[in-house]
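K.L.:
Just one file: run.csv, with CSV, C-alpha atoms and all ligand atoms.
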chain,number,residue,atom,x,y,z
P,99,MET,CA,132.5,-11.7,166.4
P,100,SER,CA,128.8,-12.2,166.6
P,101,ALA,CA,126.3,-9.3,166.5
P,102,LEU,CA,122.6,-9.2,167.1
P,103,PRO,CA,121.0,-10.3,163.8
P,104,PRO,CA,118.4,-8.0,162.2
P,105,ILE,CA,114.7,-8.9,162.5
P,106,ARG,CA,112.7,-9.6,159.4
P,107,PRO,CA,112.9,-6.5,157.2
P,108,ASP,CA,109.1,-6.4,156.7
P,109,LEU,CA,108.6,-6.0,160.4
P,110,ARG,CA,111.1,-3.2,160.9
P,111,LEU,CA,108.7,-0.4,160.1
P,112,SER,CA,106.0,-1.5,162.5
P,113,ASP,CA,106.2,-0.5,166.1
P,114,GLY,CA,103.7,-3.2,167.2
P,115,TYR,CA,100.3,-2.4,168.7
P,116,HIS,CA,99.8,-0.7,171.9
P,117,SER,CA,97.4,1.6,173.6
P,118,PRO,CA,99.3,4.2,175.7
P,119,GLN,CA,98.7,3.4,179.3
P,120,VAL,CA,98.8,6.7,181.2
P,121,GLU,CA,97.9,7.0,184.9
P,122,ALA,CA,94.3,8.3,185.3
P,123,GLU,CA,91.5,7.9,187.8
P,124,VAL,CA,88.9,7.4,185.0
P,125,ARG,CA,90.1,5.0,182.3
P,126,LEU,CA,87.8,5.0,179.3
P,127,ASN,CA,90.4,4.2,176.6
P,128,THR,CA,90.4,0.4,175.9
P,129,ASN,CA,86.7,-0.6,175.7
P,130,GLU,CA,87.0,-2.9,178.7
P,131,SER,CA,84.0,-3.5,181.0
P,132,PRO,CA,83.9,-1.0,183.9
P,133,PHE,CA,82.5,-3.8,186.1
P,134,HIS,CA,84.1,-6.8,187.7
P,135,PRO,CA,82.8,-10.2,186.8
P,136,PRO,CA,80.3,-11.5,189.4
P,137,ASP,CA,81.6,-12.4,192.9
P,138,ALA,CA,80.1,-15.9,192.5
P,139,TRP,CA,82.3,-16.4,189.4
P,140,ARG,CA,85.4,-15.4,191.4
P,141,ARG,CA,84.6,-17.8,194.2
P,142,GLU,CA,83.8,-20.7,191.8
P,143,LEU,CA,87.0,-20.1,189.9
P,144,LEU,CA,89.1,-20.1,193.1
P,145,ASP,CA,87.5,-23.4,194.3
P,146,ALA,CA,88.0,-25.0,190.9
P,147,LEU,CA,91.6,-23.9,190.7
P,148,ALA,CA,92.2,-25.7,194.0
P,149,GLU,CA,91.4,-29.0,192.3
P,150,VAL,CA,93.5,-28.5,189.1
P,151,SER,CA,96.4,-31.0,188.5
P,152,PHE,CA,98.9,-28.3,187.7
P,153,HIS,CA,101.7,-30.9,187.1
P,154,ARG,CA,99.7,-32.2,184.1
P,155,TYR,CA,99.2,-30.5,180.7
P,156,PRO,CA,95.7,-29.0,180.3
P,157,ASP,CA,93.0,-30.7,178.2
P,158,ARG,CA,94.4,-29.8,174.8
P,159,PRO,CA,91.1,-29.6,172.8
P,160,ALA,CA,89.4,-27.7,175.7
P,161,THR,CA,86.5,-30.1,175.4
P,162,GLU,CA,84.2,-28.8,178.2
P,163,LEU,CA,84.7,-25.2,177.4
P,164,ARG,CA,84.1,-25.7,173.7
P,165,ALA,CA,80.9,-27.7,174.4
P,166,ALA,CA,79.6,-25.0,176.7
P,167,ILE,CA,80.3,-22.2,174.1
P,168,ALA,CA,78.7,-24.4,171.4
P,169,ALA,CA,75.6,-24.8,173.6
P,170,LEU,CA,75.4,-21.0,174.1
P,171,HIS,CA,75.2,-20.5,170.3
P,172,GLY,CA,73.3,-23.7,169.4
P,173,VAL,CA,76.1,-25.2,167.4
P,174,THR,CA,78.3,-28.2,167.8
P,175,ALA,CA,81.7,-28.3,169.6
P,176,ASP,CA,83.5,-29.1,166.4
P,177,GLU,CA,82.4,-25.7,165.1
P,178,VAL,CA,84.2,-23.9,168.0
P,179,PHE,CA,87.9,-23.0,168.4
P,180,CYS,CA,89.1,-21.2,171.5
P,181,ALA,CA,92.4,-19.3,172.1
P,182,ASN,CA,94.1,-16.7,174.3
P,183,GLY,CA,91.9,-13.8,173.4
P,184,SER,CA,90.3,-13.3,170.0
P,185,ASN,CA,93.5,-11.8,168.8
P,186,GLU,CA,95.1,-15.3,169.0
P,187,VAL,CA,92.1,-16.7,167.1
P,188,LEU,CA,92.8,-14.1,164.4
P,189,GLN,CA,96.5,-15.0,164.4
P,190,CYS,CA,95.6,-18.7,163.9
P,191,LEU,CA,93.2,-17.9,161.1
P,192,LEU,CA,96.0,-15.9,159.3
P,193,LEU,CA,98.6,-18.5,160.0
P,194,ALA,CA,96.3,-21.1,158.4
P,195,TYR,CA,94.7,-19.1,155.6
P,196,GLY,CA,97.1,-16.1,155.1
P,197,GLY,CA,100.9,-16.0,154.8
P,198,PRO,CA,103.2,-15.2,151.9
P,199,GLN,CA,101.6,-14.8,148.5
P,200,ARG,CA,98.2,-14.5,150.1
P,201,ARG,CA,96.2,-11.4,150.9
P,202,ALA,CA,93.6,-10.0,153.3
P,203,VAL,CA,91.1,-7.2,152.8
P,204,VAL,CA,90.2,-4.8,155.5
P,205,PHE,CA,87.8,-1.8,155.3
P,206,GLU,CA,89.5,1.2,157.0
P,207,PRO,CA,89.1,2.7,159.4
P,208,THR,CA,88.7,-0.4,161.4
P,209,TYR,CA,90.4,-2.5,164.2
P,210,ALA,CA,94.1,-2.1,163.7
P,211,LEU,CA,95.0,-5.6,164.7
P,212,HIS,CA,93.3,-7.1,161.6
P,213,SER,CA,96.0,-5.5,159.3
P,214,HIS,CA,98.7,-5.7,162.0
P,215,ILE,CA,98.4,-9.5,162.5
P,216,SER,CA,98.0,-10.0,158.8
P,217,ARG,CA,101.4,-8.3,158.2
P,218,VAL,CA,103.1,-10.1,161.0
P,219,THR,CA,102.0,-13.4,159.4
P,220,GLY,CA,103.4,-12.2,156.0
P,221,THR,CA,99.9,-11.7,154.6
P,222,ASP,CA,99.5,-8.8,152.1
P,223,VAL,CA,96.9,-6.3,153.2
P,224,VAL,CA,94.6,-4.5,150.8
P,225,GLN,CA,92.7,-1.6,152.2
P,226,GLY,CA,89.1,-1.0,151.2
P,227,SER,CA,87.4,2.2,152.4
P,228,ARG,CA,84.2,3.5,154.0
P,229,ASP,CA,82.1,6.5,153.2
P,230,ASP,CA,81.9,9.8,155.2
P,231,HIS,CA,79.6,8.0,157.6
P,232,PHE,CA,82.0,5.1,158.0
P,233,ARG,CA,79.7,2.8,156.1
P,234,ILE,CA,81.0,0.2,153.6
P,235,ASP,CA,79.4,0.7,150.2
P,236,PRO,CA,78.3,-2.9,149.2
P,237,ALA,CA,78.9,-2.3,145.5
P,238,ASP,CA,82.4,-0.9,146.1
P,239,ALA,CA,83.2,-3.8,148.4
P,240,ALA,CA,82.0,-6.4,145.9
P,241,ALA,CA,84.1,-4.8,143.1
P,242,LEU,CA,87.2,-4.7,145.4
P,243,LEU,CA,86.8,-8.3,146.4
P,244,ALA,CA,86.3,-9.4,142.8
P,245,ALA,CA,89.4,-7.6,141.7
P,246,GLU,CA,91.7,-8.6,144.7
P,247,GLN,CA,90.4,-12.2,145.3
P,248,PRO,CA,91.5,-12.1,148.9
P,249,ASP,CA,92.1,-15.2,151.0
P,250,VAL,CA,90.7,-13.5,154.1
P,251,THR,CA,88.2,-10.6,154.3
P,252,PHE,CA,87.7,-8.9,157.6
P,253,LEU,CA,84.6,-7.2,158.8
P,254,CYS,CA,84.1,-5.8,162.3
P,255,SER,CA,80.6,-5.6,163.6
P,256,PRO,CA,80.1,-3.4,165.5
P,257,ASN,CA,83.1,-1.7,164.0
P,258,ASN,CA,85.9,-0.5,166.3
P,259,PRO,CA,86.5,2.4,166.5
P,260,THR,CA,83.6,3.9,164.6
P,261,GLY,CA,80.8,2.0,166.5
P,262,GLN,CA,78.2,0.8,164.1
P,263,SER,CA,77.2,-2.7,163.2
P,264,GLU,CA,77.5,-3.7,159.6
P,265,PRO,CA,74.1,-4.1,158.1
P,266,ARG,CA,73.0,-7.7,157.3
P,267,ALA,CA,72.7,-6.8,153.6
P,268,THR,CA,76.4,-5.6,153.5
P,269,VAL,CA,77.6,-8.8,155.1
P,270,LEU,CA,75.6,-10.9,152.6
P,271,VAL,CA,77.1,-9.0,149.7
P,272,VAL,CA,80.6,-9.6,151.1
P,273,LEU,CA,79.9,-13.3,151.7
P,274,ASP,CA,78.8,-13.6,148.1
P,275,ALA,CA,81.7,-11.7,146.6
P,276,ALA,CA,84.6,-12.9,148.8
P,277,PRO,CA,86.3,-16.0,147.4
P,278,GLY,CA,87.9,-16.9,150.8
P,279,LEU,CA,87.2,-16.7,154.4
P,280,VAL,CA,85.0,-13.8,155.7
P,281,VAL,CA,85.9,-13.1,159.3
P,282,VAL,CA,83.3,-11.1,161.1
P,283,ASP,CA,84.9,-9.8,164.3
P,284,GLU,CA,82.0,-9.5,166.9
P,285,ALA,CA,84.1,-8.4,169.9
P,286,TYR,CA,81.1,-6.2,170.8
P,287,GLY,CA,78.5,-8.5,169.4
P,288,GLN,CA,76.2,-8.6,172.5
P,289,PHE,CA,75.7,-4.9,172.2
P,290,SER,CA,74.4,-5.3,168.6
P,291,SER,CA,70.8,-6.0,167.5
P,292,TRP,CA,71.9,-8.8,165.1
P,293,SER,CA,74.8,-11.3,164.8
P,294,ALA,CA,76.4,-12.7,161.7
P,295,LEU,CA,76.0,-16.1,163.5
P,296,GLU,CA,72.4,-15.9,162.1
P,297,LEU,CA,73.9,-16.3,158.6
P,298,ARG,CA,75.8,-19.5,159.3
P,299,GLY,CA,74.9,-22.4,157.1
P,300,THR,CA,75.7,-24.3,154.0
P,301,ALA,CA,75.2,-21.3,151.8
P,302,HIS,CA,78.2,-19.5,153.4
P,303,PRO,CA,80.8,-22.1,154.4
P,304,GLY,CA,83.6,-19.5,154.6
P,305,LEU,CA,81.9,-17.4,157.3
P,306,VAL,CA,83.8,-17.1,160.5
P,307,VAL,CA,82.5,-15.2,163.5
P,308,THR,CA,84.9,-14.3,166.3
P,309,ARG,CA,83.9,-13.4,169.9
P,310,THR,CA,85.8,-12.5,173.0
P,311,PHE,CA,85.5,-12.6,176.8
P,312,SER,CA,87.4,-9.4,177.0
P,313,LYS,CA,84.6,-6.9,176.7
P,314,THR,CA,81.0,-7.9,177.5
P,315,TRP,CA,82.1,-10.8,179.8
P,316,ALA,CA,84.3,-8.4,181.8
P,317,MET,CA,87.3,-10.7,181.6
P,318,ALA,CA,90.0,-8.9,179.6
P,319,GLY,CA,92.6,-10.1,182.1
P,320,ALA,CA,91.7,-13.8,181.5
P,321,ARG,CA,92.6,-13.7,177.8
P,322,LEU,CA,90.0,-15.9,176.1
P,323,GLY,CA,88.3,-15.6,172.7
P,324,TYR,CA,86.8,-18.0,170.2
P,325,LEU,CA,85.4,-18.5,166.8
P,326,VAL,CA,82.4,-20.2,165.4
P,327,ALA,CA,82.9,-21.6,161.9
P,328,ASP,CA,82.8,-24.7,159.7
P,329,PRO,CA,84.6,-27.7,161.4
P,330,ALA,CA,87.3,-27.5,158.6
P,331,VAL,CA,88.2,-24.0,159.8
P,332,VAL,CA,88.5,-25.3,163.4
P,333,GLN,CA,90.8,-28.1,162.2
P,334,ALA,CA,92.9,-25.6,160.3
P,335,CYS,CA,93.4,-23.5,163.4
P,336,GLU,CA,94.2,-26.6,165.4
P,337,ALA,CA,96.9,-27.4,162.9
P,338,VAL,CA,98.8,-24.1,163.4
P,339,VAL,CA,98.2,-23.3,167.1
P,340,LEU,CA,100.8,-24.3,169.7
P,341,PRO,CA,100.1,-27.4,171.6
P,342,TYR,CA,98.4,-26.8,175.0
P,343,HIS,CA,98.1,-23.1,174.3
P,344,LEU,CA,95.0,-22.7,176.4
P,345,SER,CA,95.9,-23.1,180.1
P,346,ALA,CA,93.8,-25.0,182.6
P,347,GLN,CA,93.0,-21.8,184.4
P,348,THR,CA,91.8,-20.0,181.2
P,349,GLN,CA,89.6,-22.9,180.3
P,350,LEU,CA,88.0,-22.9,183.8
P,351,ALA,CA,87.5,-19.1,183.8
P,352,GLY,CA,85.6,-19.3,180.6
P,353,LEU,CA,83.6,-22.4,181.5
P,354,LEU,CA,82.5,-20.9,184.8
P,355,ALA,CA,81.7,-17.5,183.2
P,356,LEU,CA,79.1,-19.2,181.0
P,357,ARG,CA,77.1,-20.0,184.2
P,358,HIS,CA,76.6,-16.3,184.6
P,359,THR,CA,75.1,-15.3,181.3
P,360,ALA,CA,72.3,-13.3,183.0
P,361,ASP,CA,74.9,-11.1,184.8
P,362,MET,CA,76.7,-10.5,181.5
P,363,GLU,CA,73.4,-9.5,179.9
P,364,ALA,CA,72.6,-7.2,182.8
P,365,ARG,CA,76.0,-5.4,182.4
P,366,VAL,CA,75.3,-5.0,178.6
P,367,ALA,CA,71.9,-3.5,179.3
P,368,LEU,CA,73.2,-1.1,181.8
P,369,ILE,CA,76.1,0.0,179.6
P,370,SER,CA,73.7,0.4,176.6
P,371,GLU,CA,71.5,2.7,178.7
P,372,GLU,CA,74.5,4.7,179.8
P,373,ARG,CA,75.6,4.9,176.1
P,374,GLY,CA,72.3,6.5,175.3
P,375,ARG,CA,72.8,9.0,178.1
P,376,VAL,CA,76.4,9.9,177.0
P,377,ALA,CA,75.3,10.2,173.4
P,378,ALA,CA,72.5,12.6,174.3
P,379,ALA,CA,74.9,14.7,176.4
P,380,LEU,CA,77.4,14.8,173.5
P,381,GLY,CA,74.6,16.0,171.3
P,382,GLU,CA,74.4,19.2,173.5
P,383,LEU,CA,78.1,19.9,173.1
P,384,SER,CA,80.2,21.3,170.3
P,385,VAL,CA,81.2,17.9,169.0
P,386,GLU,CA,80.2,15.7,166.1
P,387,SER,CA,79.5,12.2,167.2
P,388,TRP,CA,78.5,8.9,165.5
P,389,PRO,CA,75.8,6.4,166.4
P,390,SER,CA,77.2,3.4,168.3
P,391,ASP,CA,76.1,-0.2,168.6
P,392,ALA,CA,79.0,-0.9,171.0
P,393,ASN,CA,80.3,0.2,174.4
P,394,PHE,CA,82.2,3.2,173.0
P,395,ILE,CA,81.4,6.4,171.1
P,396,LEU,CA,83.5,8.1,168.4
P,397,PHE,CA,83.3,11.9,168.4
P,398,ARG,CA,85.1,14.9,167.0
P,399,PRO,CA,85.4,18.2,168.7
P,400,THR,CA,84.2,20.9,166.3
P,401,SER,CA,85.4,24.0,168.1
P,402,LYS,CA,88.8,22.8,169.4
P,403,ASN,CA,91.8,20.7,168.4
P,404,ALA,CA,91.3,17.1,169.4
P,405,ASP,CA,94.9,16.6,170.8
P,406,GLU,CA,94.2,19.6,173.1
P,407,VAL,CA,90.9,18.2,174.2
P,408,TRP,CA,92.5,14.8,174.9
P,409,ARG,CA,95.3,16.4,177.0
P,410,SER,CA,92.8,18.6,178.8
P,411,LEU,CA,90.7,15.5,179.7
P,412,LEU,CA,93.8,13.9,181.1
P,413,VAL,CA,94.5,16.9,183.3
P,414,HIS,CA,91.0,16.1,184.7
P,415,SER,CA,92.3,12.5,185.2
P,416,VAL,CA,90.1,11.2,182.5
P,417,LEU,CA,91.8,9.0,179.9
P,418,ILE,CA,90.1,8.3,176.6
P,419,ARG,CA,91.5,7.1,173.2
P,420,ASN,CA,93.1,9.7,170.9
P,421,CYS,CA,92.3,8.5,167.3
P,422,ALA,CA,93.2,11.9,165.8
P,423,GLY,CA,96.4,10.5,164.3
P,424,TRP,CA,94.8,7.4,162.8
P,425,GLU,CA,94.2,7.2,159.1
P,426,GLY,CA,90.7,8.2,158.1
P,427,LEU,CA,89.8,9.6,161.6
P,428,PRO,CA,91.2,13.2,161.6
P,429,GLY,CA,90.3,15.0,164.8
P,430,CYS,CA,88.5,12.0,166.3
P,431,LEU,CA,88.4,10.8,169.9
P,432,ARG,CA,86.9,7.6,171.2
P,433,VAL,CA,85.4,7.2,174.7
P,434,THR,CA,84.5,3.9,176.3
P,435,ILE,CA,81.2,3.8,178.2
P,436,GLY,CA,82.1,3.4,181.9
P,437,ARG,CA,80.1,3.3,185.1
P,438,PRO,CA,77.6,6.1,185.6
P,439,ASP,CA,79.9,8.0,187.9
P,440,GLU,CA,82.8,7.7,185.4
P,441,ASN,CA,80.6,8.9,182.5
P,442,ASP,CA,79.6,11.9,184.6
P,443,ARG,CA,83.3,12.7,185.3
P,444,PHE,CA,84.0,12.4,181.6
P,445,LEU,CA,81.1,14.6,180.6
P,446,THR,CA,82.0,17.3,183.1
P,447,ALA,CA,85.6,17.2,182.1
P,448,LEU,CA,84.7,17.4,178.4
P,449,LYS,CA,82.4,20.4,178.9
P,450,GLU,CA,85.3,22.2,180.6
P,451,SER,CA,87.8,21.1,178.0
P,452,LEU,CA,85.8,22.3,174.9
P,501,LIG,C1,88.9,-5.6,172.0
P,501,LIG,C2,88.7,-6.2,170.7
P,501,LIG,C3,89.1,-7.5,170.5
P,501,LIG,C4,89.5,-8.3,171.7
P,501,LIG,O1,90.7,-8.9,171.6
P,501,LIG,P1,91.1,-10.0,172.7
P,501,LIG,O2,92.3,-10.5,172.2
P,501,LIG,O3,89.9,-11.0,172.7
P,501,LIG,O4,91.2,-9.3,174.0
P,501,LIG,C5,88.9,-8.1,169.3
P,501,LIG,N1,88.4,-7.4,168.2
P,501,LIG,C6,88.1,-6.1,168.4
P,501,LIG,C7,87.5,-5.4,167.2
P,501,LIG,C8,88.2,-5.5,169.6
P,501,LIG,O5,87.9,-4.2,169.7
Please express what this file holds, its structure, as structure tokens.

P.N.:
Amino acid sequence: MSALPPIRPDLRLSDGYHSPQVEAEVRLNTNESPFHPPDAWRRELLDALAEVSFHRYPDRPATELRAAIAALHGVTADEVFCANGSNEVLQCLLLAYGGPQRRAVVFEPTYALHSHISRVTGTDVVQGSRDDHFRIDPADAAALLAAEQPDVTFLCSPNNPTGQSEPRATVLVVLDAAPGLVVVDEAYGQFSSWSALELRGTAHPGLVVTRTFSKTWAMAGARLGYLVADPAVVQACEAVVLPYHLSAQTQLAGLLALRHTADMEARVALISEERGRVAAALGELSVESWPSDANFILFRPTSKNADEVWRSLLVHSVLIRNCAGWEGLPGCLRVTIGRPDENDRFLTALKESL
């Protein structure tokens, strides 16, 4: 008699990655854009979809999309690799450069998917730490990298969920000390005052910068992300990714979005302004909060239990992210910056919940 076989034993302890989706009128829990992409983009996409030969496979190397992304960053198309969200980009990097007997370094607390995808691909994970202000100490990082000799080192700038960009000096120290790839996840890069893309060049061939259309481009539903790196890294990703992984509609969505860069920048400016307003309002309440270079703010209620505050906000139909149970973030909550009216609802509900 046959029975369901067990899954890989090293996966059994993990319950995957998910953000609890609870019904709420104001959803400020997953760092998405609160705005739709431009109406013109939607019309152009619908028109373009009408012309797609859906009985044929899509353009496998996504030639036009890669050329357009390359032009955006002033690089060449062979330095760009696209996939279904930057998470698939990270998975390709780990399939190519991680795996059994290889290791990745992450600096906790940081984006949970870096260690999760590492483990799923059989890559050992070594956890570095941050100080009380969630900063990486460059000397500690250099010592850790020298001792562990990782194949892949992850940085996240601005760091999710703590909010701040890594200083250029820290990234430079890591680039000098890391023997393998250094992946700088810039999912929130457009909110930051600097990009690790500025450090690309022959001195740092192992530097990989990842970006996504899910946040600043307001296209989380389209599933598109990319990396900019040495052409050898792009070729390595192409060697492990499934054939025709990027659908015709995804390629078009990205290509057409790049015609609306000014709209994206206007959304980023508006959200940055709102972030300043929310941060100032938090400063008046009994919470500790951390500076943010992204579209979210991490804070910790000082007068009340975080779980209670989170539940009370939900009673007001405001959903934020409860990070209180995450390692290194005791009592912390993370709020995504929304539209001005949503931020008002959040602040009013928070005042009543504290
Ligand atoms: C949201 C986020 C992503 C986005 O992943 P996609 O697969 O592109 O949607 C990547 N990295 C970080 C740090 C994020 O917060």

K.L.:
Smallest atom-to-atom distance to P:Leu353: which of P:Trp315, P:Glu206, P:Thr251, P:Ser100, using all atoms listed in the file?

P.N.:
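Of P:Trp315, P:Glu206, P:Thr251, P:Ser100, the one nearest P:Leu353 is P:Trp315, counting all atoms listed in the file.
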
K.L.:
Record the distance separating atom CA of P:Asn129 and atom CA of P:Asn393, expressed in Å with one decimal.

P.N.:
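Atom CA of P:Asn129 sits 6.6 Å away from atom CA of P:Asn393.
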
K.L.:
All residues within 6 Å of ligand LIG 501 (chain P) are required, counting only C-alpha atoms and all ligand atoms; please report them as an MDAnalysis selection string.

P.N.:
chainID P and resid 183:185 209 254 258 283 285 310 312 318 321:323

K.L.:
Do you have the atom CA of P:Ser151-atom CA of P:Ala351 distance handy?

P.N.:
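According to the coordinates, atom CA of P:Ser151 and atom CA of P:Ala351 are separated by 15.6 Å.
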
K.L.:
Taking (69.4, -17.7, 168.4) in the file's coordinates as the center, which residues reach within 9 Å of it, counting only C-alpha atoms, put as a PyMOL selection string?

P.N.:
chain P and resi 170-172+295-296

K.L.:
Work out how far atom CA of P:Arg432 is from atom CA of P:Lys402, in Å to one decimal.

P.N.:
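Between atom CA of P:Lys402 and atom CA of P:Arg432 the gap works out to 15.4 Å.
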
K.L.:
When you count only C-alpha atoms, which of these residues is closest to P:Pro265: P:Ala244, P:Val281, P:Val413, P:Ile234?

P.N.:
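Ranked by minimum distance to P:Pro265, first place goes to P:Ile234.
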
K.L.:
Between P:Arg437, P:Arg228, P:Arg164, P:Lys449, which is the closest to P:Arg373 once you count only C-alpha atoms?

P.N.:
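Using only C-alpha atoms, P:Arg373 sits closest to P:Arg437.
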
K.L.:
Could you build a table of the residues in stretch 166-221 of chain P lying no more than 10 Å from stretch 356-372 of chain P, giving for each the nearest pair of atoms and their separation in Å rounded to one decimal place, using only C-alpha atoms, ordered by chain and ascending residue number, as a tab-separated table?

P.N.:
residue	atom	partner	partner_atom	distance
P:Ala166	CA	P:Leu356	CA	7.2
P:Ile167	CA	P:Leu356	CA	7.6
P:Ala169	CA	P:Leu356	CA	9.9
P:Leu170	CA	P:Leu356	CA	8.0

K.L.:
Looking at all atoms listed in the file, which of P:Gln119, P:Ser263, P:Thr268, P:Asn127 is the one that sits closest to P:Asn420?

P.N.:
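The answer is P:Asn127, which sits nearest to P:Asn420.
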
K.L.:
Could you pull the residues within 12 Å of P:Glu186, counting all atoms listed in the file, minus those fewer than 2 positions along the same chain, as an MDAnalysis selection string?

P.N.:
chainID P and resid 179:184 188:193 211:212 215:216 219 308:310 321:325 335:336 338:340 343:344

K.L.:
Give me a file of those residues, with C-alpha atoms, as a compact mmCIF listing (two decimals), in the coordinates of the input.

P.N.:
# COMPACT_ATOMS: atom_id res chain seq x y z
CA PHE P 179 87.90 -23.00 168.40
CA CYS P 180 89.10 -21.20 171.50
CA ALA P 181 92.40 -19.30 172.10
CA ASN P 182 94.10 -16.70 174.30
CA GLY P 183 91.90 -13.80 173.40
CA SER P 184 90.30 -13.30 170.00
CA LEU P 188 92.80 -14.10 164.40
CA GLN P 189 96.50 -15.00 164.40
CA CYS P 190 95.60 -18.70 163.90
CA LEU P 191 93.20 -17.90 161.10
CA LEU P 192 96.00 -15.90 159.30
CA LEU P 193 98.60 -18.50 160.00
CA LEU P 211 95.00 -5.60 164.70
CA HIS P 212 93.30 -7.10 161.60
CA ILE P 215 98.40 -9.50 162.50
CA SER P 216 98.00 -10.00 158.80
CA THR P 219 102.00 -13.40 159.40
CA THR P 308 84.90 -14.30 166.30
CA ARG P 309 83.90 -13.40 169.90
CA THR P 310 85.80 -12.50 173.00
CA ARG P 321 92.60 -13.70 177.80
CA LEU P 322 90.00 -15.90 176.10
CA GLY P 323 88.30 -15.60 172.70
CA TYR P 324 86.80 -18.00 170.20
CA LEU P 325 85.40 -18.50 166.80
CA CYS P 335 93.40 -23.50 163.40
CA GLU P 336 94.20 -26.60 165.40
CA VAL P 338 98.80 -24.10 163.40
CA VAL P 339 98.20 -23.30 167.10
CA LEU P 340 100.80 -24.30 169.70
CA HIS P 343 98.10 -23.10 174.30
CA LEU P 344 95.00 -22.70 176.40

K.L.:
With only C-alpha atoms as the counted atoms, please give the residues lying no more than 6 Å from P:Ala276, apart from itself and same-chain residues fewer than 3 positions off, as a list in words.

P.N.:
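The neighbour list is Leu243, Val272 and Leu273 of chain P.
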
K.L.:
Could you dump the residues just selected with C-alpha atoms as a short mmCIF file (atom, residue, chain, number, x, y, z; two decimals), keeping the file's coordinate frame?

P.N.:
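Dumped everything to again_14.cif:
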data_model
loop_
_atom_site.label_atom_id
_atom_site.label_comp_id
_atom_site.auth_asym_id
_atom_site.auth_seq_id
_atom_site.Cartn_x
_atom_site.Cartn_y
_atom_site.Cartn_z
CA LEU P 243 86.80 -8.30 146.40
CA VAL P 272 80.60 -9.60 151.10
CA LEU P 273 79.90 -13.30 151.70
#

K.L.:
Using only C-alpha atoms, can you tell me which of P:Ala392, P:Thr208, P:Val332, P:Pro399 comes closest to P:Gln288?

P.N.:
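Smallest separation from P:Gln288 among the options: P:Ala392.
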
K.L.:
Neighbourhood query: residues within 10 Å of (90.7, 9.1, 165.3), file coordinates, counting all atoms listed in the file; return as a short mmCIF file (atom, residue, chain, number, x, y, z; two decimals) with C-alpha atoms, keeping the file's coordinate frame.

P.N.:
data_model
loop_
_atom_site.label_atom_id
_atom_site.label_comp_id
_atom_site.auth_asym_id
_atom_site.auth_seq_id
_atom_site.Cartn_x
_atom_site.Cartn_y
_atom_site.Cartn_z
CA PRO P 207 89.10 2.70 159.40
CA PRO P 259 86.50 2.40 166.50
CA THR P 260 83.60 3.90 164.60
CA LEU P 396 83.50 8.10 168.40
CA PHE P 397 83.30 11.90 168.40
CA ARG P 398 85.10 14.90 167.00
CA ALA P 404 91.30 17.10 169.40
CA ARG P 419 91.50 7.10 173.20
CA ASN P 420 93.10 9.70 170.90
CA CYS P 421 92.30 8.50 167.30
CA ALA P 422 93.20 11.90 165.80
CA GLY P 423 96.40 10.50 164.30
CA TRP P 424 94.80 7.40 162.80
CA GLU P 425 94.20 7.20 159.10
CA GLY P 426 90.70 8.20 158.10
CA LEU P 427 89.80 9.60 161.60
CA PRO P 428 91.20 13.20 161.60
CA GLY P 429 90.30 15.00 164.80
CA CYS P 430 88.50 12.00 166.30
CA LEU P 431 88.40 10.80 169.90
CA ARG P 432 86.90 7.60 171.20
#

K.L.:
Give the answer as one residue: which of P:Thr300, P:Thr221, P:Thr161, P:Gln262 has the shortest atom-to-atom distance to P:Trp388, using only C-alpha atoms?

P.N.:
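Closest candidate: P:Gln262.
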
K.L.:
Excluding same-chain residues fewer than 3 positions from P:Asp274, what lies within 9 Å of it counting all atoms listed in the file, as a list in words?

P.N.:
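Everything that qualifies: Ala240, Val269, Leu270, Val271, Pro277 and His302 of chain P.
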